[in-house]
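Q: Input file: final-v5.cif. Contents: mmCIF, C-alpha atoms.
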```
data_final
loop_
_atom_site.label_atom_id
_atom_site.label_comp_id
_atom_site.auth_asym_id
_atom_site.auth_seq_id
_atom_site.Cartn_x
_atom_site.Cartn_y
_atom_site.Cartn_z
CA MET U 1 167.28 -145.11 104.66
CA ARG U 2 163.66 -145.22 103.43
CA ARG U 3 162.57 -143.57 106.68
CA CYS U 4 165.16 -140.86 106.09
CA ARG U 5 163.94 -140.28 102.53
CA ARG U 6 160.36 -139.85 103.72
CA ALA U 7 161.55 -137.42 106.38
CA LEU U 8 163.55 -135.43 103.85
CA ALA U 9 160.48 -135.19 101.64
CA GLY U 10 158.52 -133.65 104.50
CA LEU U 11 161.09 -131.04 105.49
CA LEU U 12 161.54 -127.58 104.04
CA LEU U 13 165.33 -127.45 103.94
CA ALA U 14 167.10 -124.21 103.22
CA GLY U 15 170.30 -124.16 101.23
CA LEU U 16 173.30 -122.34 102.63
CA PRO U 17 175.21 -119.79 100.53
CA LEU U 18 178.06 -121.14 98.49
CA ALA U 19 181.40 -120.38 100.12
CA ALA U 20 184.90 -121.01 98.92
CA SER U 21 187.74 -120.90 101.42
CA VAL U 22 189.73 -117.70 101.68
CA ALA U 23 192.76 -119.44 100.23
CA ALA U 24 190.71 -120.75 97.31
CA ALA U 25 189.25 -117.32 96.68
CA GLU U 26 192.71 -115.79 96.56
CA ARG U 27 193.70 -118.27 93.84
CA ASP U 28 190.39 -118.12 91.99
CA VAL U 29 189.29 -114.96 90.21
CA ALA U 30 185.68 -116.16 89.78
CA TYR U 31 185.18 -117.06 93.44
CA ALA U 32 186.99 -113.93 94.59
CA ALA U 33 184.60 -111.82 92.51
CA TYR U 34 181.65 -113.76 93.93
CA GLN U 35 182.73 -113.25 97.53
CA THR U 36 183.30 -109.52 97.03
CA GLY U 37 179.89 -108.96 95.42
CA HIS U 38 181.04 -108.58 91.81
CA TYR U 39 178.55 -111.14 90.55
CA ARG U 40 178.52 -110.32 86.84
CA ARG U 41 182.28 -110.65 86.74
CA ALA U 42 182.09 -113.88 88.74
CA LEU U 43 179.64 -115.29 86.20
CA SER U 44 181.80 -114.18 83.28
CA GLU U 45 184.97 -115.66 84.77
CA ALA U 46 183.22 -118.93 85.65
CA LEU U 47 181.87 -119.31 82.11
CA LYS U 48 185.37 -118.64 80.74
CA ARG U 49 186.70 -121.44 82.91
CA ILE U 50 184.02 -123.84 81.70
CA GLU U 51 184.72 -122.92 78.08
CA ALA U 52 188.39 -123.69 78.67
CA ASP U 53 187.69 -126.88 80.62
CA SER U 54 184.38 -128.68 80.17
CA LYS U 55 185.09 -130.69 83.36
CA ASP U 56 185.43 -127.67 85.67
CA ALA U 57 182.72 -128.70 88.14
CA ALA U 58 183.49 -125.97 90.69
CA ALA U 59 182.87 -123.27 88.08
CA MET U 60 179.61 -124.95 87.09
CA THR U 61 178.48 -124.96 90.71
CA LEU U 62 179.26 -121.27 90.99
CA VAL U 63 177.19 -120.50 87.89
CA GLY U 64 174.31 -122.50 89.36
CA GLU U 65 174.51 -120.58 92.62
CA ILE U 66 174.51 -117.23 90.85
CA TYR U 67 171.35 -118.16 88.94
CA ARG U 68 169.71 -119.66 92.03
CA GLN U 69 170.11 -116.47 94.03
CA GLY U 70 169.66 -114.11 91.09
CA LEU U 71 172.96 -112.35 91.70
CA GLY U 72 173.47 -109.89 88.85
CA VAL U 73 171.07 -111.92 86.70
CA ARG U 74 167.37 -112.76 86.77
CA PRO U 75 166.76 -115.68 89.19
CA ASP U 76 166.19 -118.90 87.25
CA GLN U 77 165.79 -122.12 89.24
CA THR U 78 165.63 -124.24 86.09
CA VAL U 79 168.96 -122.95 84.80
CA ALA U 80 170.50 -123.22 88.28
CA THR U 81 169.39 -126.85 88.60
CA GLU U 82 170.82 -127.71 85.20
CA TRP U 83 174.22 -126.32 86.21
CA TYR U 84 174.11 -128.17 89.53
CA GLU U 85 173.29 -131.35 87.64
CA ARG U 86 176.29 -130.97 85.35
CA ALA U 87 178.62 -130.23 88.26
CA ALA U 88 177.29 -133.09 90.38
CA GLU U 89 177.84 -135.53 87.50
CA ARG U 90 181.49 -134.45 87.57
CA GLY U 91 181.82 -135.17 91.29
CA ASP U 92 181.41 -131.74 92.90
CA ILE U 93 180.06 -132.25 96.42
CA ASN U 94 178.80 -128.68 96.77
CA ALA U 95 176.79 -129.24 93.60
CA ALA U 96 175.43 -132.55 94.90
CA TYR U 97 174.19 -130.77 98.00
CA ALA U 98 172.75 -127.83 96.08
CA LEU U 99 171.03 -130.20 93.66
CA ALA U 100 169.53 -132.12 96.58
CA ILE U 101 168.09 -128.87 97.96
CA ALA U 102 166.70 -127.99 94.53
CA LEU U 103 165.06 -131.40 94.19
CA LEU U 104 163.39 -130.98 97.60
CA ASP U 105 161.88 -127.61 96.67
CA THR U 106 158.11 -128.00 96.45
CA THR U 107 157.98 -125.12 93.95
CA GLY U 108 161.00 -126.27 91.95
CA PRO U 109 160.85 -127.50 88.36
CA ARG U 110 162.19 -130.99 89.11
CA ARG U 111 161.05 -132.09 92.57
CA ASP U 112 162.38 -135.56 93.36
CA PRO U 113 162.67 -136.34 97.11
CA ASP U 114 164.05 -139.85 96.59
CA ARG U 115 166.94 -138.68 94.45
CA ALA U 116 167.46 -135.72 96.78
CA ALA U 117 167.95 -138.14 99.68
CA VAL U 118 170.59 -140.07 97.75
CA LEU U 119 172.46 -136.88 96.84
CA MET U 120 172.20 -135.53 100.38
CA ARG U 121 173.60 -138.78 101.75
CA ARG U 122 176.46 -138.71 99.22
CA ALA U 123 177.40 -135.13 100.13
CA ALA U 124 177.12 -135.89 103.84
CA GLU U 125 179.35 -138.96 103.58
CA ALA U 126 181.92 -136.76 101.84
CA GLY U 127 181.90 -134.46 104.87
CA HIS U 128 179.78 -131.58 103.56
CA PRO U 129 178.71 -129.69 106.75
CA ALA U 130 175.35 -128.40 105.53
CA ALA U 131 174.44 -131.77 104.04
CA ASN U 132 175.21 -133.42 107.37
CA TYR U 133 173.05 -130.88 109.18
CA ASN U 134 170.08 -131.40 106.87
CA LEU U 135 170.51 -135.17 106.93
CA ALA U 136 170.52 -135.03 110.74
CA LEU U 137 167.19 -133.20 110.70
CA ALA U 138 165.80 -135.95 108.50
CA TRP U 139 167.07 -138.69 110.82
CA LEU U 140 165.56 -136.91 113.83
CA ALA U 141 162.22 -136.54 112.05
CA THR U 142 161.78 -140.30 111.72
CA GLY U 143 161.15 -140.65 115.46
CA GLN U 144 163.30 -143.80 115.61
CA VAL U 145 165.82 -144.26 118.44
CA ASP U 146 168.47 -145.79 116.19
CA ASP U 147 168.18 -142.83 113.80
CA GLU U 148 168.91 -140.41 116.64
CA ALA U 149 172.44 -141.82 116.99
CA ARG U 150 172.97 -141.29 113.25
CA ALA U 151 171.70 -137.74 113.63
CA ILE U 152 174.19 -137.02 116.42
CA ARG U 153 177.12 -138.15 114.26
CA SER U 154 175.96 -135.93 111.39
CA LEU U 155 175.39 -132.96 113.69
CA GLU U 156 178.90 -133.29 115.10
CA ILE U 157 180.34 -133.14 111.57
CA ALA U 158 178.17 -130.11 110.78
CA ALA U 159 179.22 -128.41 114.01
CA LYS U 160 182.90 -128.92 113.25
CA GLY U 161 182.19 -127.46 109.82
CA GLY U 162 181.05 -124.20 111.42
CA ILE U 163 177.24 -124.46 111.35
CA PRO U 164 175.83 -122.79 114.50
CA ASP U 165 172.43 -124.46 114.03
CA ALA U 166 174.15 -127.82 114.48
CA LEU U 167 175.72 -126.71 117.77
CA HIS U 168 172.35 -125.51 118.99
CA ALA U 169 170.73 -128.79 117.98
CA LEU U 170 173.39 -130.81 119.79
CA ALA U 171 172.92 -128.73 122.93
CA THR U 172 169.16 -129.23 122.78
CA LEU U 173 169.51 -133.00 122.31
CA ALA U 174 172.00 -133.22 125.19
CA ARG U 175 169.51 -131.47 127.48
CA GLN U 176 166.79 -133.87 126.36
CA GLY U 177 168.96 -136.98 126.46
CA ARG U 178 168.09 -137.87 122.88
CA GLY U 179 170.71 -139.93 121.05
CA MET U 180 173.14 -139.44 123.93
CA PRO U 181 173.14 -139.46 127.75
CA ARG U 182 171.39 -136.45 129.23
CA SER U 183 173.97 -133.86 130.28
CA ASP U 184 173.40 -130.22 131.20
CA GLU U 185 177.17 -129.72 131.26
CA GLN U 186 177.64 -130.92 127.67
CA ALA U 187 174.58 -128.97 126.61
CA ALA U 188 176.07 -125.81 128.13
CA ARG U 189 179.36 -126.31 126.26
CA TRP U 190 177.62 -126.66 122.90
CA MET U 191 175.16 -123.86 123.67
CA ALA U 192 178.05 -121.56 124.58
CA GLN U 193 179.74 -122.26 121.25
CA ALA U 194 176.53 -121.61 119.34
CA ALA U 195 175.98 -118.36 121.25
CA ALA U 196 179.55 -117.26 120.55
CA ALA U 197 178.84 -117.80 116.85
CA GLY U 198 175.91 -115.38 117.06
CA HIS U 199 173.08 -117.93 117.03
CA LEU U 200 170.18 -115.92 118.46
CA PRO U 201 168.15 -118.70 120.16
CA ALA U 202 171.40 -120.05 121.63
CA GLU U 203 172.28 -116.63 123.01
CA ILE U 204 168.98 -116.54 124.89
CA GLU U 205 169.10 -120.15 126.06
CA TYR U 206 172.72 -119.92 127.18
CA ALA U 207 171.95 -116.67 129.00
CA ILE U 208 169.20 -118.49 130.90
CA MET U 209 171.61 -121.34 131.69
CA LEU U 210 174.19 -118.85 132.97
CA PHE U 211 171.62 -116.99 135.05
CA ASN U 212 170.32 -120.19 136.66
CA GLY U 213 173.65 -122.03 136.82
CA THR U 214 172.37 -124.91 134.69
CA GLY U 215 175.30 -126.99 133.49
CA VAL U 216 177.64 -124.06 134.01
CA ALA U 217 178.75 -121.85 136.91
CA ARG U 218 176.14 -119.20 137.66
CA ASP U 219 177.12 -115.82 136.24
CA GLU U 220 174.35 -113.23 136.23
CA THR U 221 176.62 -110.55 134.75
CA ALA U 222 177.50 -112.70 131.75
CA ALA U 223 173.85 -113.65 131.37
CA ALA U 224 172.84 -109.98 131.31
CA LYS U 225 175.39 -109.25 128.58
CA LEU U 226 173.97 -112.04 126.42
CA PHE U 227 170.38 -110.95 127.00
CA LEU U 228 171.38 -107.41 126.08
CA ARG U 229 173.05 -108.60 122.87
CA ALA U 230 170.02 -110.65 121.85
CA ALA U 231 167.66 -107.82 122.83
CA GLY U 232 169.52 -105.49 120.50
CA LYS U 233 168.71 -107.88 117.66
CA GLY U 234 165.01 -107.37 118.30
CA ASN U 235 164.17 -110.58 120.15
CA PRO U 236 161.19 -109.88 122.46
CA ILE U 237 162.06 -112.64 124.93
CA ALA U 238 165.55 -111.20 125.42
CA GLN U 239 164.09 -107.69 125.61
CA ASN U 240 161.71 -108.79 128.35
CA ARG U 241 164.46 -110.59 130.28
CA ILE U 242 166.87 -107.66 130.18
CA ALA U 243 164.05 -105.33 131.23
CA ARG U 244 163.46 -107.49 134.29
CA LEU U 245 167.16 -107.51 135.10
CA TYR U 246 167.29 -103.70 134.87
CA GLN U 247 164.24 -103.62 137.14
CA SER U 248 165.79 -105.91 139.77
CA GLY U 249 169.43 -104.90 139.33
CA ARG U 250 170.58 -108.48 138.92
CA GLY U 251 173.66 -108.85 136.72
CA ILE U 252 173.43 -105.21 135.70
CA PRO U 253 172.97 -101.92 137.59
CA PRO U 254 169.29 -101.13 138.26
CA ASP U 255 167.80 -98.60 135.88
CA SER U 256 164.05 -97.94 135.71
CA ILE U 257 164.29 -96.01 132.43
CA GLU U 258 166.16 -98.84 130.72
CA ALA U 259 163.75 -101.38 132.16
CA ALA U 260 160.79 -99.41 130.84
CA ALA U 261 162.39 -98.88 127.42
CA TRP U 262 163.12 -102.56 126.88
CA HIS U 263 159.63 -103.41 128.15
CA LEU U 264 158.11 -101.10 125.54
CA ALA U 265 160.28 -102.67 122.83
CA ALA U 266 159.17 -106.16 123.84
CA ARG U 267 155.55 -105.09 124.03
CA ALA U 268 155.77 -103.69 120.51
CA ARG U 269 156.74 -107.21 119.43
CA GLY U 270 153.73 -108.71 121.21
CA LEU U 271 155.25 -109.65 124.59
CA ASP U 272 153.60 -107.77 127.43
CA ASP U 273 154.51 -107.98 131.13
CA PRO U 274 152.09 -106.62 133.76
CA ALA U 275 154.82 -106.05 136.37
CA LEU U 276 156.91 -104.01 133.94
CA ALA U 277 153.81 -102.16 132.77
CA GLN U 278 153.24 -101.09 136.37
CA LEU U 279 156.86 -99.92 136.59
CA PHE U 280 156.30 -97.76 133.49
CA ASP U 281 153.08 -96.33 134.94
CA ARG U 282 154.94 -95.26 138.09
CA LEU U 283 157.41 -93.15 136.11
CA ASN U 284 156.75 -89.44 135.75
CA PRO U 285 155.83 -88.07 132.28
CA GLU U 286 159.40 -86.93 131.53
CA GLN U 287 160.79 -90.38 132.38
CA GLN U 288 158.10 -92.10 130.34
CA GLY U 289 159.00 -89.92 127.38
CA ARG U 290 162.68 -90.83 127.67
CA ALA U 291 161.83 -94.52 127.87
CA ALA U 292 159.52 -94.25 124.85
CA ARG U 293 162.21 -92.52 122.78
CA LEU U 294 164.79 -95.15 123.72
CA ALA U 295 162.34 -97.90 122.82
CA ALA U 296 161.57 -96.31 119.44
CA ASP U 297 165.27 -96.02 118.62
CA ARG U 298 165.85 -99.67 119.54
CA ILE U 299 162.87 -100.91 117.55
CA GLU U 300 164.11 -99.00 114.52
CA GLY U 301 167.69 -100.17 115.02
CA ALA U 302 166.64 -103.82 115.30
CA ALA U 303 164.53 -103.49 112.14
CA LEU U 304 167.52 -102.11 110.22
CA THR U 305 169.95 -104.79 111.39
CA SER U 306 167.69 -107.86 111.36
CA PRO U 307 168.23 -110.25 108.41
#
```
What does this structure look like when you write it as structure tokens?

A:
Amino acid sequence: MRRCRRALAGLLLAGLPLAASVAAAERDVAYAAYQTGHYRRALSEALKRIEADSKDAAAMTLVGEIYRQGLGVRPDQTVATEWYERAAERGDINAAYALAIALLDTTGPRRDPDRAAVLMRRAAEAGHPAANYNLALAWLATGQVDDEARAIRSLEIAAKGGIPDALHALATLARQGRGMPRSDEQAARWMAQAAAAGHLPAEIEYAIMLFNGTGVARDETAAAKLFLRAAGKGNPIAQNRIARLYQSGRGIPPDSIEAAAWHLAARARGLDDPALAQLFDRLNPEQQGRAARLAADRIEGAALTSP
């Protein structure tokens, strides 16, 4: 556990947004307001609940999250941490996780990696998906073989809890044979799930696996669709790959204008390709103009939709 604490101290771990289940939100005015973006009302309703019941840990956690993110109020990490502390003392696992993240923050008011590790472990043992994911990263960072098996167990819990990053991590470890027997087939199954959940690196990696038939039946058409989806999100690797597929007509009908447009988009993000540059140079001025306009539209669209 000491190795894990040291690893946690060295990682910059991001907290995940607080989320109540749909059923809980329907029963809970404060959480329903939070999930629909009515943050001032959510804060007001949560404070009413706490005034009525000083042991309402879930409401305290919600108040902490509102102050952490600065939703309808000025962001205040000190106030947020105080609310997480109160909720964690009353047994709220979401608060224990959020408090652990706050105590790991190098810019936070109360940095305490050792206590953060204890809280993270407590939340993970209670089945908190994000806590299990972050704990898995810490186990993997120790570089110890026995810790890799612990990481796999935590990642599986996180994956079942709906964290795409955990699925991607499992797929990567399966391909490497870390903590489990090496298996391209198992890696492909996890990578496919992560890609289906919209995980951008997984979309690209699974597209490559599909194109090459690595761990899964070769399907160039499906690979092209994934590359196209990731390219639309502004990823230069995917933009370059789909440009090449348009150039060669593999998995998608050949189209020199589309190939040139995606090449220009990738080049704008710093990824050049001499072969595609030659294709663009061979186009006539009218075709080059069309490709440039398409590329500009896609660059702008990706900028508007990227998080």

Q: Near Arg150 (chain U), within 10 Å and counting all atoms listed in the file, which residues show up once chain neighbours fewer than 5 positions away are dropped, as an mmCIF file with C-alpha atoms, in the coordinates of the input?

A:
```cif
data_model
loop_
_atom_site.group_PDB
_atom_site.id
_atom_site.type_symbol
_atom_site.label_atom_id
_atom_site.label_comp_id
_atom_site.auth_asym_id
_atom_site.auth_seq_id
_atom_site.Cartn_x
_atom_site.Cartn_y
_atom_site.Cartn_z
ATOM 1 C CA LEU U 135 170.510 -135.170 106.930
ATOM 2 C CA ALA U 136 170.520 -135.030 110.740
ATOM 3 C CA TRP U 139 167.070 -138.690 110.820
ATOM 4 C CA LEU U 140 165.560 -136.910 113.830
ATOM 5 C CA VAL U 145 165.820 -144.260 118.440
ATOM 6 C CA LEU U 155 175.390 -132.960 113.690
ATOM 7 C CA GLY U 179 170.710 -139.930 121.050
#
```

Q: If you count only C-alpha atoms, which residues fall within 9 Å of Tyr133 (chain U), apart from same-chain ones fewer than 5 positions away, as a count of residues only?

A: 13

Q: Applying the PyMOL selection byres ((chain U and resi 282-289) around 12) to the file I just gave you, which residues come out? Please list them as an mmCIF file with C-alpha atoms, in the frame of the given file.

A:
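This is the output file selection20.cif:
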```
data_model
loop_
_atom_site.group_PDB
_atom_site.id
_atom_site.type_symbol
_atom_site.label_atom_id
_atom_site.label_comp_id
_atom_site.auth_asym_id
_atom_site.auth_seq_id
_atom_site.Cartn_x
_atom_site.Cartn_y
_atom_site.Cartn_z
ATOM 1 C CA ASP U 255 167.800 -98.600 135.880
ATOM 2 C CA SER U 256 164.050 -97.940 135.710
ATOM 3 C CA ILE U 257 164.290 -96.010 132.430
ATOM 4 C CA GLU U 258 166.160 -98.840 130.720
ATOM 5 C CA ALA U 259 163.750 -101.380 132.160
ATOM 6 C CA ALA U 260 160.790 -99.410 130.840
ATOM 7 C CA ALA U 261 162.390 -98.880 127.420
ATOM 8 C CA HIS U 263 159.630 -103.410 128.150
ATOM 9 C CA LEU U 264 158.110 -101.100 125.540
ATOM 10 C CA ALA U 275 154.820 -106.050 136.370
ATOM 11 C CA LEU U 276 156.910 -104.010 133.940
ATOM 12 C CA ALA U 277 153.810 -102.160 132.770
ATOM 13 C CA GLN U 278 153.240 -101.090 136.370
ATOM 14 C CA LEU U 279 156.860 -99.920 136.590
ATOM 15 C CA PHE U 280 156.300 -97.760 133.490
ATOM 16 C CA ASP U 281 153.080 -96.330 134.940
ATOM 17 C CA ARG U 290 162.680 -90.830 127.670
ATOM 18 C CA ALA U 291 161.830 -94.520 127.870
ATOM 19 C CA ALA U 292 159.520 -94.250 124.850
ATOM 20 C CA ARG U 293 162.210 -92.520 122.780
ATOM 21 C CA LEU U 294 164.790 -95.150 123.720
ATOM 22 C CA ALA U 295 162.340 -97.900 122.820
ATOM 23 C CA ALA U 296 161.570 -96.310 119.440
#
```

Q: Would you write out, as a PyMOL selection string, every residue that the PyMOL selection byres ((chain U and resi 206-209) around 10) captures in this file?

A: chain U and resi 168+171+184+187-196+200-205+210-228+230+238+241

Q: Hey, can I get the axis-aligned box for region 280-292 of chain U? All listed atoms, 5 Å padding on each side, centre and edge lengths in Å to one decimal, as lines of an AutoDock Vina configuration file.

A:
```
center_x = 157.9
center_y = -92.3
center_z = 131.5
size_x = 19.6
size_y = 20.8
size_z = 23.2
```

Q: Given the choices U:Ala126, U:Ala197, U:Leu71, U:Ala141, which gets closest to Gly162 (chain U) if the distance is worked out from only C-alpha atoms?

A: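 Looking only at the distances to Gly162 (chain U), the closest residue turns out to be U:Ala197.
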
Q: So how far away is CA of Leu43 (chain U) from CA of Ile66 (chain U), in Å?

A: 7.2 Å

Q: Identify which of the residues U:Gln247, U:Asn240, U:Asn94, U:Gly232 lies closest to Asp297 (chain U), counting only C-alpha atoms when measuring atom-to-atom distances.

A: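 Distance minimum relative to Asp297 (chain U) lands on U:Gly232.
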
Q: For CA of Arg244 (chain U) and CA of Ala174 (chain U), quote the distance in Å rounded to one decimal.

A: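 CA of Ala174 (chain U) lies 28.6 Å from CA of Arg244 (chain U).
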
Q: Could you tell me how far CA of Leu119 (chain U) lies from CA of Ala30 (chain U), in Å and to one decimal?

A: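 The value is 25.6 Å.
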
Q: When you count all atoms listed in the file, which of these residues is closest to Ala130 (chain U): U:Pro113, U:Asp272, U:Lys160, U:Thr107?

A: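 Smallest separation from Ala130 (chain U) among the options: U:Lys160.
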
Q: Going by the chain IDs and residue numbers used in this file, which residues fall under the PyMOL selection byres ((chain U and resi 121) around 10)? Write them as a PyMOL selection string.

A: chain U and resi 1+4-5+96-97+100+115-120+122-128+131-132+134-135
